[in-house]
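run.pdb follows (PDB, C-alpha atoms):
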ATOM      1  CA  MET A1175     118.013 129.255 110.346
ATOM      2  CA  SER A1176     114.892 128.750 108.300
ATOM      3  CA  ALA A1177     114.179 128.986 104.589
ATOM      4  CA  LYS A1178     114.374 132.516 103.293
ATOM      5  CA  ILE A1179     110.969 133.415 101.920
ATOM      6  CA  PRO A1180     111.281 135.412  98.667
ATOM      7  CA  ARG A1181     109.893 138.940  98.396
ATOM      8  CA  ASN A1182     106.804 138.122  96.346
ATOM      9  CA  PHE A1183     105.619 135.238  98.504
ATOM     10  CA  ARG A1184     106.230 137.333 101.600
ATOM     11  CA  LEU A1185     104.100 140.127 100.155
ATOM     12  CA  LEU A1186     101.361 137.629  99.226
ATOM     13  CA  GLU A1187     101.333 136.457 102.851
ATOM     14  CA  GLU A1188     101.057 140.029 104.061
ATOM     15  CA  LEU A1189      98.288 140.689 101.540
ATOM     16  CA  GLU A1190      96.297 137.682 102.684
ATOM     17  CA  LYS A1191      96.704 138.628 106.317
ATOM     18  CA  GLY A1192      95.598 142.167 105.524
ATOM     19  CA  GLU A1193      92.609 141.008 103.453
ATOM     20  CA  LYS A1194      91.382 138.662 106.134
ATOM     21  CA  GLY A1195      91.731 141.392 108.736
ATOM     22  CA  LEU A1196      93.813 139.144 110.939
ATOM     23  CA  GLY A1197      96.070 141.965 111.958
ATOM     24  CA  ALA A1198      95.783 144.634 114.615
ATOM     25  CA  GLU A1199      92.469 146.467 114.532
ATOM     26  CA  ALA A1200      93.888 149.967 114.590
ATOM     27  CA  CYS A1201      95.912 149.565 111.401
ATOM     28  CA  SER A1202      95.122 148.241 107.966
ATOM     29  CA  TYR A1203      96.832 147.976 104.626
ATOM     30  CA  GLY A1204      96.164 146.734 101.110
ATOM     31  CA  LEU A1205      97.492 146.817  97.567
ATOM     32  CA  GLU A1206      97.049 150.131  95.796
ATOM     33  CA  ASP A1207      96.466 148.380  92.458
ATOM     34  CA  GLY A1208      94.979 144.879  92.606
ATOM     35  CA  ASP A1209      96.453 144.154  89.160
ATOM     36  CA  ASP A1210     100.034 144.940  90.104
ATOM     37  CA  LEU A1211     101.797 141.594  89.823
ATOM     38  CA  LEU A1212     104.889 143.125  91.427
ATOM     39  CA  MET A1213     102.904 144.309  94.473
ATOM     40  CA  THR A1214     105.040 147.431  94.855
ATOM     41  CA  ASN A1215     102.656 150.108  96.105
ATOM     42  CA  TRP A1216     100.416 149.739  99.144
ATOM     43  CA  ASN A1217      97.950 151.902 101.021
ATOM     44  CA  GLY A1218      97.980 151.897 104.787
ATOM     45  CA  THR A1219      95.730 153.470 107.392
ATOM     46  CA  ILE A1220      96.295 154.182 111.055
ATOM     47  CA  LEU A1221      93.482 154.945 113.446
ATOM     48  CA  GLY A1222      94.749 157.712 115.717
ATOM     49  CA  PRO A1223      95.658 156.416 119.177
ATOM     50  CA  PRO A1224      93.224 157.209 122.002
ATOM     51  CA  HIS A1225      93.984 159.857 124.664
ATOM     52  CA  SER A1226      95.969 161.859 122.140
ATOM     53  CA  VAL A1227      95.369 164.722 119.751
ATOM     54  CA  HIS A1228      95.051 162.017 117.064
ATOM     55  CA  GLU A1229      92.072 160.279 118.669
ATOM     56  CA  ASN A1230      89.318 159.467 116.132
ATOM     57  CA  ARG A1231      91.403 160.672 113.204
ATOM     58  CA  ILE A1232      92.211 158.303 110.371
ATOM     59  CA  TYR A1233      95.626 158.715 108.776
ATOM     60  CA  SER A1234      96.365 157.461 105.257
ATOM     61  CA  LEU A1235      99.849 156.413 104.260
ATOM     62  CA  LYS A1236     101.585 155.042 101.196
ATOM     63  CA  ILE A1237     104.059 152.218 101.499
ATOM     64  CA  HIS A1238     106.475 151.477  98.671
ATOM     65  CA  CYS A1239     107.995 147.995  98.751
ATOM     66  CA  GLY A1240     110.946 148.012  96.377
ATOM     67  CA  GLU A1241     112.674 145.085  94.713
ATOM     68  CA  SER A1242     114.830 144.385  97.757
ATOM     69  CA  TYR A1243     111.991 144.302 100.273
ATOM     70  CA  PRO A1244     112.002 142.718 102.880
ATOM     71  CA  ASP A1245     115.808 142.766 102.971
ATOM     72  CA  VAL A1246     115.492 146.534 103.159
ATOM     73  CA  PRO A1247     112.578 148.453 104.705
ATOM     74  CA  PRO A1248     109.892 150.003 102.509
ATOM     75  CA  ILE A1249     109.536 153.746 101.922
ATOM     76  CA  VAL A1250     106.698 155.058 104.074
ATOM     77  CA  THR A1251     104.926 158.340 103.347
ATOM     78  CA  PHE A1252     102.012 160.002 105.087
ATOM     79  CA  VAL A1253      99.251 161.125 102.733
ATOM     80  CA  SER A1254      97.294 162.753 105.551
ATOM     81  CA  LYS A1255      99.002 165.770 107.039
ATOM     82  CA  ILE A1256     100.457 165.133 110.463
ATOM     83  CA  ASN A1257     102.726 167.093 112.750
ATOM     84  CA  LEU A1258     105.124 164.451 113.994
ATOM     85  CA  PRO A1259     108.918 164.529 114.331
ATOM     86  CA  GLY A1260     110.478 162.479 111.542
ATOM     87  CA  VAL A1261     107.714 163.231 109.047
ATOM     88  CA  ASP A1262     108.876 165.611 106.319
ATOM     89  CA  GLN A1263     106.403 168.490 106.281
ATOM     90  CA  ARG A1264     106.945 169.050 102.553
ATOM     91  CA  ASP A1265     105.855 165.619 101.335
ATOM     92  CA  GLY A1266     104.935 163.450 104.322
ATOM     93  CA  LYS A1267     107.892 161.097 103.925
ATOM     94  CA  VAL A1268     108.846 159.248 107.090
ATOM     95  CA  ASP A1269     112.516 159.552 108.055
ATOM     96  CA  ASN A1270     113.752 155.994 108.536
ATOM     97  CA  THR A1271     116.328 157.067 111.120
ATOM     98  CA  LYS A1272     113.624 158.368 113.459
ATOM     99  CA  LEU A1273     111.666 155.147 113.793
ATOM    100  CA  PRO A1274     113.404 152.221 115.508
ATOM    101  CA  CYS A1275     111.624 149.584 113.403
ATOM    102  CA  LEU A1276     112.856 151.256 110.207
ATOM    103  CA  SER A1277     116.366 152.196 111.354
ATOM    104  CA  GLN A1278     116.946 148.740 112.837
ATOM    105  CA  TRP A1279     114.969 146.894 110.213
ATOM    106  CA  LYS A1280     114.787 143.107 110.403
ATOM    107  CA  ARG A1281     113.687 140.829 107.623
ATOM    108  CA  ASP A1282     110.771 139.407 109.591
ATOM    109  CA  PHE A1283     109.268 142.851 110.179
ATOM    110  CA  THR A1284     106.179 143.539 108.087
ATOM    111  CA  MET A1285     104.143 146.514 106.948
ATOM    112  CA  GLU A1286     101.959 145.834 109.961
ATOM    113  CA  THR A1287     104.980 146.104 112.268
ATOM    114  CA  ILE A1288     105.656 149.558 110.840
ATOM    115  CA  LEU A1289     102.082 150.840 111.080
ATOM    116  CA  ILE A1290     101.724 149.655 114.666
ATOM    117  CA  GLU A1291     105.022 151.238 115.614
ATOM    118  CA  ILE A1292     104.134 154.547 113.958
ATOM    119  CA  ARG A1293     100.878 154.525 115.891
ATOM    120  CA  ARG A1294     102.758 153.916 119.126
ATOM    121  CA  TYR A1295     105.185 156.697 118.211
ATOM    122  CA  MET A1296     102.233 159.066 117.692
ATOM    123  CA  ALA A1297     101.042 158.270 121.212
ATOM    124  CA  LEU A1298     104.366 158.975 122.974
ATOM    125  CA  PRO A1299     104.006 161.603 125.755
ATOM    126  CA  GLN A1300     106.190 164.074 123.837
ATOM    127  CA  HIS A1301     104.133 163.614 120.622
ATOM    128  CA  LYS A1302     100.566 163.085 121.654
ATOM    129  CA  LYS A1303      99.765 166.743 122.304
ATOM    130  CA  LEU A1304     101.478 168.337 119.309
ATOM    131  CA  PRO A1305      99.170 170.766 117.478
ATOM    132  CA  GLN A1306      97.864 169.135 114.309
ATOM    133  CA  PRO A1307      96.880 170.408 110.860
ATOM    134  CA  PRO A1308      93.151 170.383 110.050
ATOM    135  CA  GLU A1309      91.665 166.925 109.897
ATOM    136  CA  GLY A1310      91.483 165.550 106.362
ATOM    137  CA  SER A1311      94.238 167.740 104.885
ATOM    138  CA  THR A1312      96.793 165.995 102.694
ATOM    139  CA  TYR A1313     100.312 166.561 101.398
ATOM    140  CA  THR A1314      99.478 166.337  97.720
TER     141      THR A1314
ATOM    142  CA  MET X 910     120.848 125.683 106.581
ATOM    143  CA  ALA X 911     121.652 122.590 104.552
ATOM    144  CA  LEU X 912     119.169 121.853 101.834
ATOM    145  CA  PRO X 913     117.175 118.653 102.499
ATOM    146  CA  LYS X 914     118.229 115.719 100.364
ATOM    147  CA  ARG X 915     114.741 115.469  98.917
ATOM    148  CA  ILE X 916     114.983 118.973  97.449
ATOM    149  CA  ILE X 917     118.492 118.361  96.091
ATOM    150  CA  LYS X 918     117.303 115.185  94.378
ATOM    151  CA  GLU X 919     114.243 116.816  92.879
ATOM    152  CA  THR X 920     116.316 119.712  91.588
ATOM    153  CA  GLU X 921     118.926 117.410  90.044
ATOM    154  CA  ARG X 922     116.266 115.425  88.272
ATOM    155  CA  LEU X 923     114.493 118.543  87.012
ATOM    156  CA  MET X 924     117.802 119.607  85.461
ATOM    157  CA  ALA X 925     118.832 116.208  84.122
ATOM    158  CA  GLU X 926     115.463 115.117  82.772
ATOM    159  CA  PRO X 927     113.424 118.246  82.176
ATOM    160  CA  VAL X 928     109.730 117.909  81.441
ATOM    161  CA  PRO X 929     108.922 118.937  77.844
ATOM    162  CA  GLY X 930     107.532 122.462  77.799
ATOM    163  CA  ILE X 931     108.454 123.140  81.424
ATOM    164  CA  SER X 932     111.606 124.545  82.989
ATOM    165  CA  ALA X 933     112.419 125.143  86.632
ATOM    166  CA  VAL X 934     115.724 126.702  87.647
ATOM    167  CA  PRO X 935     116.635 127.447  91.265
ATOM    168  CA  HIS X 936     117.990 130.864  92.223
ATOM    169  CA  GLU X 937     121.678 130.659  93.100
ATOM    170  CA  GLU X 938     121.254 132.544  96.356
ATOM    171  CA  ASN X 939     118.086 130.698  97.397
ATOM    172  CA  LEU X 940     117.872 127.082  96.301
ATOM    173  CA  ARG X 941     114.279 126.795  97.501
ATOM    174  CA  TYR X 942     113.171 129.497  95.073
ATOM    175  CA  PHE X 943     112.698 128.576  91.410
ATOM    176  CA  ASP X 944     112.166 130.495  88.213
ATOM    177  CA  VAL X 945     109.666 128.473  86.235
ATOM    178  CA  THR X 946     108.386 128.630  82.666
ATOM    179  CA  ILE X 947     105.475 126.650  81.287
ATOM    180  CA  ASP X 948     104.561 126.535  77.618
ATOM    181  CA  GLY X 949     100.852 126.830  76.905
ATOM    182  CA  PRO X 950      99.466 123.411  75.891
ATOM    183  CA  SER X 951      98.707 122.946  72.204
ATOM    184  CA  SER X 952      95.070 123.360  71.160
ATOM    185  CA  SER X 953      94.433 125.514  74.223
ATOM    186  CA  PRO X 954      93.950 129.304  74.188
ATOM    187  CA  TYR X 955      97.425 129.502  75.725
ATOM    188  CA  GLU X 956      99.149 127.751  72.822
ATOM    189  CA  GLY X 957     102.189 129.618  71.573
ATOM    190  CA  GLY X 958     102.719 131.400  74.892
ATOM    191  CA  THR X 959     105.460 130.885  77.427
ATOM    192  CA  PHE X 960     104.319 131.707  80.929
ATOM    193  CA  LYS X 961     106.661 132.695  83.730
ATOM    194  CA  LEU X 962     105.976 131.499  87.239
ATOM    195  CA  GLU X 963     107.796 131.481  90.556
ATOM    196  CA  LEU X 964     107.881 128.595  92.990
ATOM    197  CA  PHE X 965     109.024 128.446  96.593
ATOM    198  CA  LEU X 966     109.507 125.419  98.814
ATOM    199  CA  PRO X 967     108.612 126.438 102.382
ATOM    200  CA  ASP X 968     110.448 125.173 105.464
ATOM    201  CA  ASP X 969     108.110 122.278 106.016
ATOM    202  CA  TYR X 970     108.081 121.085 102.395
ATOM    203  CA  PRO X 971     107.213 118.325 101.516
ATOM    204  CA  MET X 972     104.789 118.206 104.430
ATOM    205  CA  THR X 973     103.224 121.364 102.996
ATOM    206  CA  PRO X 974     102.874 122.084  99.272
ATOM    207  CA  PRO X 975     105.136 124.406  97.284
ATOM    208  CA  LYS X 976     103.945 127.977  96.816
ATOM    209  CA  VAL X 977     103.477 128.773  93.131
ATOM    210  CA  ARG X 978     102.367 131.912  91.329
ATOM    211  CA  PHE X 979     102.132 133.135  87.741
ATOM    212  CA  LEU X 980     104.304 136.143  86.931
ATOM    213  CA  THR X 981     102.890 136.480  83.426
ATOM    214  CA  LYS X 982      99.431 137.969  83.121
ATOM    215  CA  ILE X 983      96.973 135.257  82.117
ATOM    216  CA  TYR X 984      93.227 135.160  81.472
ATOM    217  CA  HIS X 985      92.091 131.953  83.162
ATOM    218  CA  PRO X 986      89.153 131.239  85.522
ATOM    219  CA  ASN X 987      91.364 129.504  88.085
ATOM    220  CA  ILE X 988      94.153 132.082  88.172
ATOM    221  CA  ASP X 989      93.590 135.484  89.741
ATOM    222  CA  ARG X 990      94.898 138.950  88.898
ATOM    223  CA  LEU X 991      97.962 138.444  91.085
ATOM    224  CA  GLY X 992      98.790 135.109  89.465
ATOM    225  CA  ARG X 993      97.568 133.002  92.366
ATOM    226  CA  ILE X 994      96.411 129.557  91.319
ATOM    227  CA  CYS X 995      93.351 127.649  92.489
ATOM    228  CA  LEU X 996      94.334 124.013  92.203
ATOM    229  CA  ASP X 997      93.399 121.221  94.602
ATOM    230  CA  VAL X 998      96.859 119.641  94.670
ATOM    231  CA  LEU X 999      98.329 122.949  95.850
ATOM    232  CA  LYS X1000      95.918 123.030  98.771
ATOM    233  CA  SER X1001      93.823 120.295 100.358
ATOM    234  CA  ASN X1002      94.851 117.516  97.980
ATOM    235  CA  TRP X1003      98.576 118.012  98.447
ATOM    236  CA  SER X1004     100.489 114.901  99.398
ATOM    237  CA  PRO X1005     104.205 114.583 100.188
ATOM    238  CA  ALA X1006     104.315 111.951  97.458
ATOM    239  CA  LEU X1007     103.788 114.728  94.910
ATOM    240  CA  GLN X1008     106.757 116.717  93.656
ATOM    241  CA  ILE X1009     107.711 119.964  91.974
ATOM    242  CA  ARG X1010     107.539 118.087  88.687
ATOM    243  CA  THR X1011     104.017 116.757  89.252
ATOM    244  CA  ILE X1012     102.774 120.127  90.456
ATOM    245  CA  LEU X1013     104.076 121.886  87.362
ATOM    246  CA  LEU X1014     102.489 119.213  85.164
ATOM    247  CA  SER X1015      99.183 119.766  86.995
ATOM    248  CA  ILE X1016      99.435 123.489  86.335
ATOM    249  CA  GLN X1017     100.144 122.837  82.660
ATOM    250  CA  ALA X1018      97.116 120.541  82.576
ATOM    251  CA  LEU X1019      95.018 123.265  84.231
ATOM    252  CA  LEU X1020      95.900 125.547  81.319
ATOM    253  CA  GLY X1021      94.544 122.901  78.965
ATOM    254  CA  ALA X1022      91.391 122.364  81.016
ATOM    255  CA  PRO X1023      90.079 125.545  82.659
ATOM    256  CA  ASN X1024      87.505 124.815  85.335
ATOM    257  CA  PRO X1025      85.050 127.723  85.662
ATOM    258  CA  ASP X1026      83.020 125.834  88.282
ATOM    259  CA  ASP X1027      85.817 126.180  90.843
ATOM    260  CA  PRO X1028      86.842 129.736  90.139
ATOM    261  CA  LEU X1029      89.382 132.009  91.711
ATOM    262  CA  ALA X1030      88.966 134.893  89.307
ATOM    263  CA  ASN X1031      85.197 135.294  89.565
ATOM    264  CA  ASP X1032      84.729 137.757  86.724
ATOM    265  CA  VAL X1033      86.708 135.540  84.366
ATOM    266  CA  ALA X1034      84.829 132.409  85.416
ATOM    267  CA  GLN X1035      81.470 134.086  84.938
ATOM    268  CA  ARG X1036      82.375 135.203  81.446
ATOM    269  CA  TRP X1037      83.729 131.733  80.720
ATOM    270  CA  LYS X1038      80.335 130.256  81.593
ATOM    271  CA  GLU X1039      78.223 132.895  79.861
ATOM    272  CA  ASP X1040      80.191 133.210  76.654
ATOM    273  CA  GLU X1041      82.912 130.613  76.433
ATOM    274  CA  LYS X1042      83.848 131.555  72.896
ATOM    275  CA  ALA X1043      84.480 135.185  73.790
ATOM    276  CA  ALA X1044      86.373 134.213  76.949
ATOM    277  CA  ILE X1045      88.642 131.896  74.975
ATOM    278  CA  GLN X1046      89.233 134.682  72.477
ATOM    279  CA  THR X1047      90.292 137.024  75.307
ATOM    280  CA  ALA X1048      92.584 134.318  76.700
ATOM    281  CA  ARG X1049      94.184 134.044  73.231
ATOM    282  CA  GLU X1050      94.654 137.790  73.000
ATOM    283  CA  TRP X1051      96.227 137.980  76.462
ATOM    284  CA  THR X1052      98.544 135.112  75.532
ATOM    285  CA  ALA X1053      99.661 136.949  72.397
ATOM    286  CA  GLU X1054     100.092 140.193  74.297
ATOM    287  CA  HIS X1055     101.746 139.048  77.515
ATOM    288  CA  ALA X1056     103.176 135.562  77.003
ATOM    289  CA  LYS X1057     105.117 135.965  73.765
ATOM    290  CA  LYS X1058     108.241 133.881  73.627
ATOM    291  CA  ALA X1059     111.330 135.985  74.290
TER     292      ALA X1059
END
With the file now loaded, output its structure as structure tokens.
Amino acid sequence: MSAKIPRNFRLLEELEKGEKGLGAEACSYGLEDGDDLLMTNWNGTILGPPHSVHENRIYSLKIHCGESYPDVPPIVTFVSKINLPGVDQRDGKVDNTKLPCLSQWKRDFTMETILIEIRRYMALPQHKKLPQPPEGSTYT
Amino acid sequence: MALPKRIIKETERLMAEPVPGISAVPHEENLRYFDVTIDGPSSSPYEGGTFKLELFLPDDYPMTPPKVRFLTKIYHPNIDRLGRICLDVLKSNWSPALQIRTILLSIQALLGAPNPDDPLANDVAQRWKEDEKAAIQTAREWTAEHAKKA
């Protein structure tokens, strides 16, 4: 077992990885407020997966990392409207039980893990052809 | 995982012989993670303030330096908006011969001697160079506003 990296230093690592663009190309994330010393609220984007109804669309999400992150998963909410099982159509909130990475959360998962998995979930055969709301519409 | 002897020794000494104006207390549930306070050096713009920091000793410490960050907002050319510190001994000039104690002393010294030529917070450094008096005044105001002793 290795040293348990505390929340804030973990988030700083994620921030630096995100800023340098070292992560997957199709997803990105950054701090909502660059002055927030607690690094609680993040913006994420997912580039719609190819060969799906989402192709060429850019989806914005909000990620809320609470005090107990990464012992518990963050709260993930779509800002851009999307028709996808597990996304609450009233407010865009992602149901943690529907996404394996959130329901079986592990401490070494990151915000990037989540965004990549959501993107993969969007591209599943049973999801990739679902009719979608107009591009650019949002929940708020 | 058992805590390396080196870390146990450093922690014991920090407790037994604390450095004046500096405290470092490990979290009970994570002995590699410390709550730190540093008093602003006298005759610096940070005088009278007590600054909170957090420090973490990664797996490969002391082969790699501790990770340290300010939790109190501070106006300083070598400390950015998220409290990250630009200090050579925390990066390329780290040596396993250094310790938590020496690092915290270096940070305290950095408060007494801001170095706008090696900036991390670019806007602060620029102001420091253009109008040092005004920058120092802002640093004083931030100290009074954010770093008041509890």
Q | Contact residues (chain A, partner chain X, 8 Å, all atoms listed in the file) as a PyMOL selection string | A | chain A and resi 1175-1180+1183+1208-1211
Q: Give me the residues within 10 Å of segment 918-935 of chain X as a PyMOL selection string, counting all atoms listed in the file and dropping any in the same chain fewer than 3 places off.
A: chain X and resi 913-915+938-950+959-965+1008-1011+1013-1014+1017
Q) Could you write out as a PyMOL selection string the residues that the PyMOL selection byres ((chain A and resi 1219-1233) around 9) matches in the shown file? A) chain A and resi 1199-1203+1217-1218+1234-1236+1252-1256+1289-1290+1292-1294+1296-1299+1301-1306+1309-1310
(Q) Please list as a ChimeraX atom specification every residue within 9 Å of segment 1026-1039 of chain X, counting all atoms listed in the file and excluding residues in the same chain fewer than 4 positions away. (A) /X:984-990,993-996,1043-1045
(Q) Just to confirm, what's the straight-line distance from atom CA of Gln1046 of chain X to atom CA of Leu999 of chain X in Å (one decimal)? (A)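 So the answer is 27.7 Å.
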(Q) One decimal, in Å: what's the spacing between atom CA of Lys1057 of chain X and atom CA of Leu1186 of chain A? (A)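 Value for the atom CA of Lys1057 of chain X-atom CA of Leu1186 of chain A distance: 25.8 Å.
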Could you add whatever atoms are missing so that segment 995-1012 of chain X carries N, CA, C and O atoms, then write the result as a PDB file, in the frame of the given file?
ATOM      1  N   CYS X 995      94.277 128.487  91.734  1.00  0.00           N
ATOM      2  CA  CYS X 995      93.351 127.649  92.489  1.00  0.00           C
ATOM      3  C   CYS X 995      93.451 126.236  91.932  1.00  0.00           C
ATOM      4  O   CYS X 995      92.964 125.957  90.837  1.00  0.00           O
ATOM      5  N   LEU X 996      94.107 125.378  92.673  1.00  0.00           N
ATOM      6  CA  LEU X 996      94.334 124.013  92.203  1.00  0.00           C
ATOM      7  C   LEU X 996      94.371 123.115  93.430  1.00  0.00           C
ATOM      8  O   LEU X 996      95.117 123.376  94.382  1.00  0.00           O
ATOM      9  N   ASP X 997      93.540 122.051  93.397  1.00  0.00           N
ATOM     10  CA  ASP X 997      93.399 121.221  94.602  1.00  0.00           C
ATOM     11  C   ASP X 997      94.730 120.661  95.112  1.00  0.00           C
ATOM     12  O   ASP X 997      94.974 120.641  96.309  1.00  0.00           O
ATOM     13  N   VAL X 998      95.609 120.258  94.193  1.00  0.00           N
ATOM     14  CA  VAL X 998      96.859 119.641  94.670  1.00  0.00           C
ATOM     15  C   VAL X 998      97.804 120.650  95.330  1.00  0.00           C
ATOM     16  O   VAL X 998      98.762 120.263  96.002  1.00  0.00           O
ATOM     17  N   LEU X 999      97.511 121.944  95.158  1.00  0.00           N
ATOM     18  CA  LEU X 999      98.329 122.949  95.850  1.00  0.00           C
ATOM     19  C   LEU X 999      97.747 123.278  97.220  1.00  0.00           C
ATOM     20  O   LEU X 999      98.326 124.035  97.981  1.00  0.00           O
ATOM     21  N   LYS X1000      96.567 122.717  97.503  1.00  0.00           N
ATOM     22  CA  LYS X1000      95.918 123.030  98.771  1.00  0.00           C
ATOM     23  C   LYS X1000      95.577 121.727  99.496  1.00  0.00           C
ATOM     24  O   LYS X1000      96.462 121.031  99.954  1.00  0.00           O
ATOM     25  N   SER X1001      94.267 121.416  99.524  1.00  0.00           N
ATOM     26  CA  SER X1001      93.823 120.295 100.358  1.00  0.00           C
ATOM     27  C   SER X1001      94.281 118.933  99.827  1.00  0.00           C
ATOM     28  O   SER X1001      94.451 118.001 100.602  1.00  0.00           O
ATOM     29  N   ASN X1002      94.471 118.824  98.518  1.00  0.00           N
ATOM     30  CA  ASN X1002      94.851 117.516  97.980  1.00  0.00           C
ATOM     31  C   ASN X1002      96.360 117.334  97.822  1.00  0.00           C
ATOM     32  O   ASN X1002      96.813 116.443  97.116  1.00  0.00           O
ATOM     33  N   TRP X1003      97.118 118.190  98.472  1.00  0.00           N
ATOM     34  CA  TRP X1003      98.576 118.012  98.447  1.00  0.00           C
ATOM     35  C   TRP X1003      98.951 116.741  99.197  1.00  0.00           C
ATOM     36  O   TRP X1003      98.331 116.398 100.206  1.00  0.00           O
ATOM     37  N   SER X1004      99.945 116.049  98.690  1.00  0.00           N
ATOM     38  CA  SER X1004     100.489 114.901  99.398  1.00  0.00           C
ATOM     39  C   SER X1004     102.004 114.945  99.238  1.00  0.00           C
ATOM     40  O   SER X1004     102.519 115.343  98.187  1.00  0.00           O
ATOM     41  N   PRO X1005     102.738 114.561 100.283  1.00  0.00           N
ATOM     42  CA  PRO X1005     104.205 114.583 100.188  1.00  0.00           C
ATOM     43  C   PRO X1005     104.741 113.681  99.081  1.00  0.00           C
ATOM     44  O   PRO X1005     105.901 113.794  98.699  1.00  0.00           O
ATOM     45  N   ALA X1006     103.885 112.803  98.567  1.00  0.00           N
ATOM     46  CA  ALA X1006     104.315 111.951  97.458  1.00  0.00           C
ATOM     47  C   ALA X1006     104.375 112.740  96.150  1.00  0.00           C
ATOM     48  O   ALA X1006     105.018 112.311  95.196  1.00  0.00           O
ATOM     49  N   LEU X1007     103.706 113.875  96.103  1.00  0.00           N
ATOM     50  CA  LEU X1007     103.788 114.728  94.910  1.00  0.00           C
ATOM     51  C   LEU X1007     105.122 115.472  94.931  1.00  0.00           C
ATOM     52  O   LEU X1007     105.814 115.515  95.945  1.00  0.00           O
ATOM     53  N   GLN X1008     105.462 116.047  93.781  1.00  0.00           N
ATOM     54  CA  GLN X1008     106.757 116.717  93.656  1.00  0.00           C
ATOM     55  C   GLN X1008     106.606 118.011  92.891  1.00  0.00           C
ATOM     56  O   GLN X1008     105.552 118.305  92.351  1.00  0.00           O
ATOM     57  N   ILE X1009     107.705 118.753  92.790  1.00  0.00           N
ATOM     58  CA  ILE X1009     107.711 119.964  91.974  1.00  0.00           C
ATOM     59  C   ILE X1009     107.256 119.601  90.561  1.00  0.00           C
ATOM     60  O   ILE X1009     106.404 120.263  89.968  1.00  0.00           O
ATOM     61  N   ARG X1010     107.836 118.536  90.037  1.00  0.00           N
ATOM     62  CA  ARG X1010     107.539 118.087  88.687  1.00  0.00           C
ATOM     63  C   ARG X1010     106.039 117.822  88.482  1.00  0.00           C
ATOM     64  O   ARG X1010     105.443 118.307  87.516  1.00  0.00           O
ATOM     65  N   THR X1011     105.438 117.098  89.416  1.00  0.00           N
ATOM     66  CA  THR X1011     104.017 116.757  89.252  1.00  0.00           C
ATOM     67  C   THR X1011     103.127 117.992  89.400  1.00  0.00           C
ATOM     68  O   THR X1011     102.115 118.135  88.716  1.00  0.00           O
ATOM     69  N   ILE X1012     103.548 118.895  90.279  1.00  0.00           N
ATOM     70  CA  ILE X1012     102.774 120.127  90.456  1.00  0.00           C
ATOM     71  C   ILE X1012     102.801 120.956  89.174  1.00  0.00           C
ATOM     72  O   ILE X1012     101.758 121.460  88.718  1.00  0.00           O
TER      73      ILE X1012
END
